[in-house]
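Engineer: Sharing structure_4.tsv (TSV, C-alpha atoms) below.
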```tsv
chain	number	residue	atom	x	y	z
A	1	MET	CA	116.45	97.72	138.87
A	2	VAL	CA	113.19	98.12	136.94
A	3	LYS	CA	112.84	96.04	133.81
A	4	SER	CA	111.28	97.76	130.83
A	5	HIS	CA	108.46	95.98	129.08
A	6	THR	CA	107.62	96.08	125.39
A	7	HIS	CA	103.88	95.77	125.01
A	8	HIS	CA	102.54	93.32	122.46
A	9	TRP	CA	99.06	94.69	121.82
A	10	LYS	CA	96.13	92.66	120.54
A	11	VAL	CA	92.91	94.22	119.29
A	12	TYR	CA	90.02	92.57	121.10
A	13	SER	CA	87.03	94.89	120.73
A	14	THR	CA	85.62	98.31	119.87
A	15	ALA	CA	83.66	100.90	121.81
A	16	LEU	CA	81.10	103.19	120.17
A	17	VAL	CA	81.01	106.26	122.44
A	18	PRO	CA	83.49	107.60	121.63
A	19	ASN	CA	84.63	105.37	118.77
A	20	THR	CA	87.62	103.52	120.19
A	21	ILE	CA	89.63	100.43	119.30
A	22	MET	CA	90.31	98.43	122.45
A	23	VAL	CA	93.67	96.66	122.85
A	24	SER	CA	95.26	94.54	125.56
A	25	CYS	CA	98.71	93.17	126.34
A	26	SER	CA	99.63	89.81	127.84
A	27	CYS	CA	101.09	91.72	130.84
A	28	GLY	CA	97.56	92.84	131.77
A	29	ALA	CA	97.77	96.39	130.41
A	30	GLU	CA	94.74	97.76	128.61
A	31	GLY	CA	94.84	100.46	125.98
A	32	GLN	CA	92.71	102.50	123.62
A	33	VAL	CA	93.30	103.72	120.10
A	34	THR	CA	91.22	106.78	119.19
A	35	LYS	CA	92.97	107.85	115.98
A	36	PHE	CA	92.49	105.23	113.29
A	37	THR	CA	91.58	104.84	109.65
A	38	GLN	CA	88.22	103.62	108.42
A	39	GLU	CA	89.92	100.40	107.32
A	40	GLU	CA	91.35	99.85	110.83
A	41	TRP	CA	87.94	100.51	112.37
A	42	ASP	CA	86.21	98.10	109.98
A	43	ARG	CA	88.69	95.34	110.83
A	44	ALA	CA	88.48	95.98	114.58
A	45	PHE	CA	84.70	95.56	114.50
A	46	TYR	CA	85.28	91.80	114.08
A	47	ALA	CA	88.01	91.56	116.75
A	48	PRO	CA	85.81	89.97	119.45
A	49	SER	CA	85.68	86.79	117.37
A	50	GLU	CA	89.06	87.25	115.64
A	51	PRO	CA	91.59	89.15	117.82
A	52	TYR	CA	94.73	90.29	116.01
A	53	PRO	CA	98.00	92.13	116.78
A	54	TRP	CA	98.14	95.93	116.83
A	55	GLU	CA	101.56	97.12	115.69
A	56	ASP	CA	101.52	100.92	116.17
A	57	ASP	CA	102.40	101.57	119.82
A	58	SER	CA	102.49	105.32	119.19
A	59	ARG	CA	98.69	105.50	118.95
A	60	VAL	CA	97.90	103.40	122.03
A	61	LYS	CA	96.86	105.28	125.16
A	62	ILE	CA	97.37	103.01	128.18
A	63	VAL	CA	94.34	103.17	130.47
A	64	LYS	CA	95.07	100.34	132.91
```
Can you dump the structure from the file as structure tokens?
Structural biologist:
Amino acid sequence: MVKSHTHHWKVYSTALVPNTIMVSCSCGAEGQVTKFTQEEWDRAFYAPSEPYPWEDDSRVKIVK
């Protein structure tokens, strides 16, 4: 039986080409958010020193 896992994403960084918000989960999964508002982008810019939860799973593309 395979257990399902609910990801609890944290924003930890941004990438500039293309503009991407980088998120990670405590399970080791990594994700990207490419559709975001200017306000979300501005906040994510400071995530390396102040990581914070990302609540909208629907916009996270799992990459690892």
Engineer: So what do you get for CA of Ile21 in chain A versus CA of Val33 in chain A, distance-wise?
Structural biologist: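 Atom-to-atom, CA of Ile21 in chain A and CA of Val33 in chain A are spaced 5.0 Å apart.
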Engineer: Please determine an axis-aligned box that encloses all atoms of range 9-26 of chain A listed in the file, with 8 Å added on each side, and express its centre and edge lengths in Å to one decimal as lines of an AutoDock Vina configuration file.
Structural biologist:
```
center_x = 90.3
center_y = 98.7
center_z = 123.3
size_x = 34.6
size_y = 33.8
size_z = 25.1
```
Engineer: For Pro51 in chain A, which of A:Ala15, A:Met22, A:Val63, A:Ala29 is the closest residue, counting only C-alpha atoms?
Structural biologist: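 Among A:Ala15, A:Met22, A:Val63, A:Ala29, it is A:Met22 that comes nearest to Pro51 in chain A.
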Engineer: Scan for residues within 12 Å of the point (88.7, 92.8, 117.9) in the coordinates of the file, using all atoms listed in the file, and reply as a list in words.
Structural biologist: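 Collected hits near the coordinates: Trp9, Lys10, Val11, Tyr12, Ser13, Thr14, Ala15, Thr20, Ile21, Met22, Val23, Ser24, Gln32, Glu40, Trp41, Asp42, Arg43, Ala44, Phe45, Tyr46, Ala47, Pro48, Ser49, Glu50, Pro51, Tyr52, Pro53 and Trp54 of chain A.
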Engineer: Show which residues sit within 10 Å of Asp57 in chain A, as a PyMOL selection string. Count all atoms listed in the file, and ignore same-chain residues fewer than 5 positions away.
Structural biologist: chain A and resi 6-9+31+33+62
Engineer: Enter the distance from CA of Ser58 in chain A to CA of Thr34 in chain A, in Å, rounded to one decimal.
Structural biologist: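 It comes out at 11.4 Å.
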Engineer: Got a moment to write chain A out with C-alpha atoms, as an mmCIF file, in the first residue's frame?
Structural biologist:
```
data_model
loop_
_atom_site.group_PDB
_atom_site.id
_atom_site.type_symbol
_atom_site.label_atom_id
_atom_site.label_comp_id
_atom_site.auth_asym_id
_atom_site.auth_seq_id
_atom_site.Cartn_x
_atom_site.Cartn_y
_atom_site.Cartn_z
ATOM 1 C CA MET A 1 0.000 0.000 0.000
ATOM 2 C CA VAL A 2 1.389 3.381 -1.056
ATOM 3 C CA LYS A 3 0.857 6.231 1.366
ATOM 4 C CA SER A 4 -0.085 9.559 -0.151
ATOM 5 C CA HIS A 5 1.877 12.585 0.922
ATOM 6 C CA THR A 6 0.622 16.140 1.272
ATOM 7 C CA HIS A 7 3.441 18.494 0.418
ATOM 8 C CA HIS A 8 4.115 21.393 2.747
ATOM 9 C CA TRP A 9 5.968 23.797 0.474
ATOM 10 C CA LYS A 10 8.361 26.491 1.655
ATOM 11 C CA VAL A 11 9.628 29.272 -0.595
ATOM 12 C CA TYR A 12 13.409 29.343 -0.357
ATOM 13 C CA SER A 13 14.659 31.241 -3.404
ATOM 14 C CA THR A 14 14.028 32.678 -6.858
ATOM 15 C CA ALA A 15 15.552 32.079 -10.273
ATOM 16 C CA LEU A 16 15.838 34.813 -12.900
ATOM 17 C CA VAL A 17 15.891 32.917 -16.215
ATOM 18 C CA PRO A 18 13.057 32.229 -16.486
ATOM 19 C CA ASN A 19 11.563 34.039 -13.503
ATOM 20 C CA THR A 20 10.669 31.253 -11.090
ATOM 21 C CA ILE A 21 9.825 30.958 -7.411
ATOM 22 C CA MET A 22 11.652 27.964 -5.952
ATOM 23 C CA VAL A 23 9.920 25.829 -3.294
ATOM 24 C CA SER A 24 10.865 22.723 -1.344
ATOM 25 C CA CYS A 25 9.106 20.212 0.891
ATOM 26 C CA SER A 26 10.424 18.494 4.007
ATOM 27 C CA CYS A 27 10.094 15.164 2.129
ATOM 28 C CA GLY A 28 12.879 16.285 -0.233
ATOM 29 C CA ALA A 29 10.682 17.256 -3.183
ATOM 30 C CA GLU A 30 11.600 20.402 -5.088
ATOM 31 C CA GLY A 31 9.167 22.520 -7.048
ATOM 32 C CA GLN A 32 8.849 25.626 -9.163
ATOM 33 C CA VAL A 33 6.145 28.248 -9.418
ATOM 34 C CA THR A 34 6.141 30.100 -12.750
ATOM 35 C CA LYS A 35 2.752 31.822 -12.543
ATOM 36 C CA PHE A 36 2.752 34.376 -9.748
ATOM 37 C CA THR A 37 1.761 37.938 -8.982
ATOM 38 C CA GLN A 38 4.202 40.815 -8.702
ATOM 39 C CA GLU A 39 3.540 40.858 -4.952
ATOM 40 C CA GLU A 40 4.418 37.138 -4.666
ATOM 41 C CA TRP A 41 7.599 37.692 -6.682
ATOM 42 C CA ASP A 42 8.635 40.669 -4.543
ATOM 43 C CA ARG A 43 8.189 38.650 -1.348
ATOM 44 C CA ALA A 44 10.011 35.601 -2.745
ATOM 45 C CA PHE A 45 13.053 37.730 -3.563
ATOM 46 C CA TYR A 46 13.811 37.817 0.183
ATOM 47 C CA ALA A 47 13.144 34.097 0.777
ATOM 48 C CA PRO A 48 16.824 33.043 1.006
ATOM 49 C CA SER A 49 17.069 34.903 4.317
ATOM 50 C CA GLU A 50 13.403 34.517 5.319
ATOM 51 C CA PRO A 51 11.824 31.284 3.954
ATOM 52 C CA TYR A 52 8.048 31.087 4.274
ATOM 53 C CA PRO A 53 5.208 28.641 3.486
ATOM 54 C CA TRP A 54 3.686 28.472 -0.002
ATOM 55 C CA GLU A 55 0.006 27.557 0.237
ATOM 56 C CA ASP A 56 -1.156 27.125 -3.387
ATOM 57 C CA ASP A 57 -0.234 23.568 -4.415
ATOM 58 C CA SER A 58 -2.043 23.996 -7.740
ATOM 59 C CA ARG A 59 0.719 26.265 -9.088
ATOM 60 C CA VAL A 60 3.678 24.128 -8.003
ATOM 61 C CA LYS A 61 5.367 22.041 -10.696
ATOM 62 C CA ILE A 62 7.353 19.261 -9.012
ATOM 63 C CA VAL A 63 10.800 18.983 -10.591
ATOM 64 C CA LYS A 64 12.547 16.579 -8.205
#
```
